[in-house]
Amino acid sequence: MVEHTVAATNAIVTLDVPIPQVIWGWMITLNMWAKSIGTGVIFVGAYLLARYNDRVGDQVKLWMPIISFIFLNIFLLFTLLDLHQPLRMWHIFFYPHFTSAITVGAWMATVFTGIIFIMAVIAVKKYLLKKECKLESLYNPLLKIAVVLAVPVTMYTATIMGEATARELWQTPTELVQMILAALLTGSAVFLIIGGKWSYEVKRDLAIILGVSAFLSFTIYMGEYYFGHMKSEEVAAILQYVKENGVYHVMFWAGQWIAFIIPMILVYFSLKSRSASLLYLAGVLAIVGLYITKHVWLIIPQLLPLS
Amino acid sequence: MKLGFLVDLDLCMGCKGCEVACKVENKVPLHSWRLRVKYVDVGVYPETKRTYTPLRCNHCEDAPCERICPVSALHYLENGIVNIDRERCIGCAGCMMACPYGAIYMDPETNTADKCTYCAHRIASEMMPACVVACPVEANIFGDLDDPTSHISRYIMEHQKGSGVRVRKPEKNTHPKHFYVGGGDVHLNPLASKREEGYNLFNNITHLDHIGGH
């Protein structure tokens, strides 16, 4: 009882100004989500071309750059729209500040999108004209460059989160891994959705990529959820928003179930029964759930008063 | 020259003169503050005490806002001030995400980031920041930290003992150039006090849902 009368445990803010709450909202979530798909299809597509070129090569070579290009443009569009001065975007290229992960990321993403655009043009032209494009010989070298460049393009958002010193929850090493796992999760999910008549072996590989990515990502989130509060006062306060009675508790667990747990279960039963029919649903759920998961993780550190 | 700021919290009486002077001097828009004074009530009735904490940009030596700014809109002046070029700013809000002190806001009129500059324009004319001039009890002390004879340097040296000279969130390794004398956790650590509706004076301590032009 007596401890409740101690002054240090009874401090209440009685006069202050309103504090800005969510600064980076759904547009940044969409940015991360779309980029995961845009780079993920390149990772997984390159794997399919390396292993199953004879079976699915033509389809992957066509759809991989098209899907990537579409989602990279969604990512770039919403990055631009989220700026309060979008018409000054060119400042990033003419007044670059290279200690900023935003600058480095913008430059890399622009180059990456350019490469994917050329690959998409080659693939579409070949598909429409039913004959080899003059630039066809560039496709494979460009793909190799794209795969290498996709790694930093996927991960740079984690370094932006790391540079966000005010948000203790986002630790660069963890977020780097989460970004790569998100790309593999969505990349495999996209090919499971579009690969309707592909053989079981191809889908099995995609299912394993999806299942392992979901498992590892889920494990990291659970590590943060159950152990994050032990080392940092700020993280403990932030995690309260997703713990029981927290305002994002339901949304957090909805994301975890839809993105990771249910897809893992579906992958398990699919592999056990050698049936690919469940994998379409697993792919859709992983893509939808990832948006929710990313959104919660983006929002909750912003709810904490900083001063 | 390295300019720094010190607030003696034992002297501050929470009059908000500095807050108003800053608003007027810098034409800070409604719903935005470069400097604010936070009241925290401590204790259990009838043993209670009200504390006052002026909060502004810390002009850190390793400023996260300067590091994350993609276009160098946030930059150092030679005197150590972290200044902002509003014409350069693209409004990405990276600085707002990076600043551990919540000292940066998005100006709803210009749609660019803005913050305390220690009144850099006044300093260029050899005047003190507006908040320093307005303080009736001289709780705000401003000057050159590189000069051992300056008022702020001497004040820091004289107050090393007792509760000492403190900065906010030293664990963030930002090396702030804004110091406090007489402050405790309740003054400087936002997690040491609760924000609960129903306990506030005059206005609701709500959050701003909308910032800027979209």
# chains A, B, ... in the order shown; residues from 1 in each chain; ligands from 1

call {"tool": "interface_residues", "arguments": {"of": "chain A", "to": "chain B", "cutoff": "6 Å", "atoms": "only C-alpha atoms", "output": "JSON, numbers by chain"}}
result
{"A": [5, 7, 10, 11, 12, 13, 14, 15, 16, 18, 19, 20, 21, 83, 84, 85, 88, 92, 95, 96, 97, 99, 100, 102, 103, 164, 165, 166, 306, 307]}

call {"tool": "residues_around", "arguments": {"residues": "Val148 (chain A)", "least_positions_apart": "5", "cutoff": "10 Å", "atoms": "only C-alpha atoms", "output": "MDAnalysis selection string"}}
result
chainID A and resid 42:43 112 142:143 153

call {"tool": "write_last_selection", "arguments": {"atoms": "C-alpha atoms", "output": "short mmCIF file (atom, residue, chain, number, x, y, z; two decimals), in the first residue's frame"}}
result
data_model
loop_
_atom_site.label_atom_id
_atom_site.label_comp_id
_atom_site.auth_asym_id
_atom_site.auth_seq_id
_atom_site.Cartn_x
_atom_site.Cartn_y
_atom_site.Cartn_z
CA ILE A 42 12.81 -11.33 -58.54
CA PHE A 43 14.41 -13.51 -55.84
CA PHE A 112 16.56 -1.21 -59.90
CA LEU A 142 20.12 -7.90 -66.35
CA LEU A 143 18.46 -10.54 -64.21
CA VAL A 153 16.72 -2.49 -52.29
#

call {"tool": "select_by_dssp", "arguments": {"residues": "chain B", "states": "alpha helix (DSSP H)", "output": "PDB file with C-alpha atoms, in the first residue's frame"}}
result
ATOM      1  CA  GLY B  17       6.780  33.436 -21.295  1.00  0.00           C
ATOM      2  CA  CYS B  18       9.470  31.667 -23.323  1.00  0.00           C
ATOM      3  CA  GLU B  19       6.835  29.632 -25.174  1.00  0.00           C
ATOM      4  CA  VAL B  20       4.887  32.735 -26.160  1.00  0.00           C
ATOM      5  CA  ALA B  21       8.017  34.689 -27.099  1.00  0.00           C
ATOM      6  CA  CYS B  22       9.136  31.843 -29.354  1.00  0.00           C
ATOM      7  CA  LYS B  23       5.718  31.671 -31.019  1.00  0.00           C
ATOM      8  CA  VAL B  24       5.758  35.381 -31.746  1.00  0.00           C
ATOM      9  CA  GLU B  25       9.401  35.672 -32.785  1.00  0.00           C
ATOM     10  CA  ASN B  26       9.288  32.732 -35.177  1.00  0.00           C
ATOM     11  CA  PRO B  64      19.795  11.881 -35.897  1.00  0.00           C
ATOM     12  CA  CYS B  65      17.664  14.390 -37.808  1.00  0.00           C
ATOM     13  CA  GLU B  66      20.690  15.704 -39.703  1.00  0.00           C
ATOM     14  CA  ARG B  67      21.842  12.159 -40.464  1.00  0.00           C
ATOM     15  CA  ILE B  68      18.507  10.944 -41.838  1.00  0.00           C
ATOM     16  CA  GLY B  94      12.277  11.285 -41.634  1.00  0.00           C
ATOM     17  CA  CYS B  95      13.603  13.844 -39.145  1.00  0.00           C
ATOM     18  CA  MET B  96      10.405  13.593 -37.102  1.00  0.00           C
ATOM     19  CA  MET B  97      10.851   9.837 -36.957  1.00  0.00           C
ATOM     20  CA  ALA B  98      14.502  10.186 -35.990  1.00  0.00           C
ATOM     21  CA  ALA B 120      19.739  31.613 -35.464  1.00  0.00           C
ATOM     22  CA  HIS B 121      18.556  34.790 -37.193  1.00  0.00           C
ATOM     23  CA  ARG B 122      18.799  36.748 -33.936  1.00  0.00           C
ATOM     24  CA  ILE B 123      22.193  35.278 -33.092  1.00  0.00           C
ATOM     25  CA  ALA B 124      23.450  36.367 -36.515  1.00  0.00           C
ATOM     26  CA  ALA B 130      13.741  35.297 -27.862  1.00  0.00           C
ATOM     27  CA  CYS B 131      13.022  32.803 -25.089  1.00  0.00           C
ATOM     28  CA  VAL B 132      16.132  33.858 -23.167  1.00  0.00           C
ATOM     29  CA  VAL B 133      15.125  37.494 -23.299  1.00  0.00           C
ATOM     30  CA  ALA B 134      11.555  36.740 -22.232  1.00  0.00           C
ATOM     31  CA  HIS B 151      27.987  32.306 -18.367  1.00  0.00           C
ATOM     32  CA  ILE B 152      26.779  28.883 -19.499  1.00  0.00           C
ATOM     33  CA  SER B 153      30.227  27.268 -19.086  1.00  0.00           C
ATOM     34  CA  ARG B 154      30.589  28.669 -15.598  1.00  0.00           C
ATOM     35  CA  TYR B 155      27.024  27.652 -14.705  1.00  0.00           C
ATOM     36  CA  ILE B 156      27.707  24.086 -15.808  1.00  0.00           C
ATOM     37  CA  MET B 157      30.937  23.947 -13.800  1.00  0.00           C
ATOM     38  CA  GLU B 158      29.259  25.361 -10.687  1.00  0.00           C
ATOM     39  CA  ASP B 185      13.473  11.716 -14.172  1.00  0.00           C
ATOM     40  CA  VAL B 186      10.014  13.221 -13.992  1.00  0.00           C
ATOM     41  CA  HIS B 187      11.249  16.306 -15.839  1.00  0.00           C
ATOM     42  CA  LEU B 188      13.360  14.636 -18.470  1.00  0.00           C
TER      43      LEU B 188
END

call {"tool": "residues_around", "arguments": {"residues": "Glu233 (chain A)", "least_positions_apart": "5", "cutoff": "10 Å", "atoms": "only C-alpha atoms", "output": "number ranges by chain"}}
result
A: 168, 228, 238; B: 191

call {"tool": "write_last_selection", "arguments": {"atoms": "N, CA and C atoms", "output": "short mmCIF file (atom, residue, chain, number, x, y, z; two decimals), in the first residue's frame"}}
result
data_model
loop_
_atom_site.label_atom_id
_atom_site.label_comp_id
_atom_site.auth_asym_id
_atom_site.auth_seq_id
_atom_site.Cartn_x
_atom_site.Cartn_y
_atom_site.Cartn_z
N GLU A 168 12.64 2.97 -30.74
CA GLU A 168 13.52 1.93 -30.18
C GLU A 168 13.14 0.52 -30.65
N GLY A 228 11.01 -8.81 -25.80
CA GLY A 228 11.46 -7.44 -26.10
C GLY A 228 11.45 -6.52 -24.90
N ILE A 238 6.22 0.32 -25.70
CA ILE A 238 5.65 0.20 -27.06
C ILE A 238 4.89 -1.12 -27.19
N LEU B 191 8.72 8.70 -20.06
CA LEU B 191 8.10 7.46 -19.57
C LEU B 191 7.95 7.45 -18.05
#

call {"tool": "atom_distance", "arguments": {"atom1": "CA of Trp33 (chain A)", "atom2": "CA of Glu175 (chain A)"}}
result
13.6 Å

call {"tool": "closest_residue", "arguments": {"among": "A:Ala237, A:Leu30, A:Val190, A:Ile180", "to": "Leu281 (chain A)", "atoms": "only C-alpha atoms"}}
result
A:Val190

call {"tool": "select_by_dssp", "arguments": {"residues": "region 28-212 of chain B", "states": "strand (DSSP E)", "output": "ChimeraX atom specification"}}
result
/B:36-44,47-55,74-76,82-84,105-107,112-114,140-144,165-166,178-181,207-208
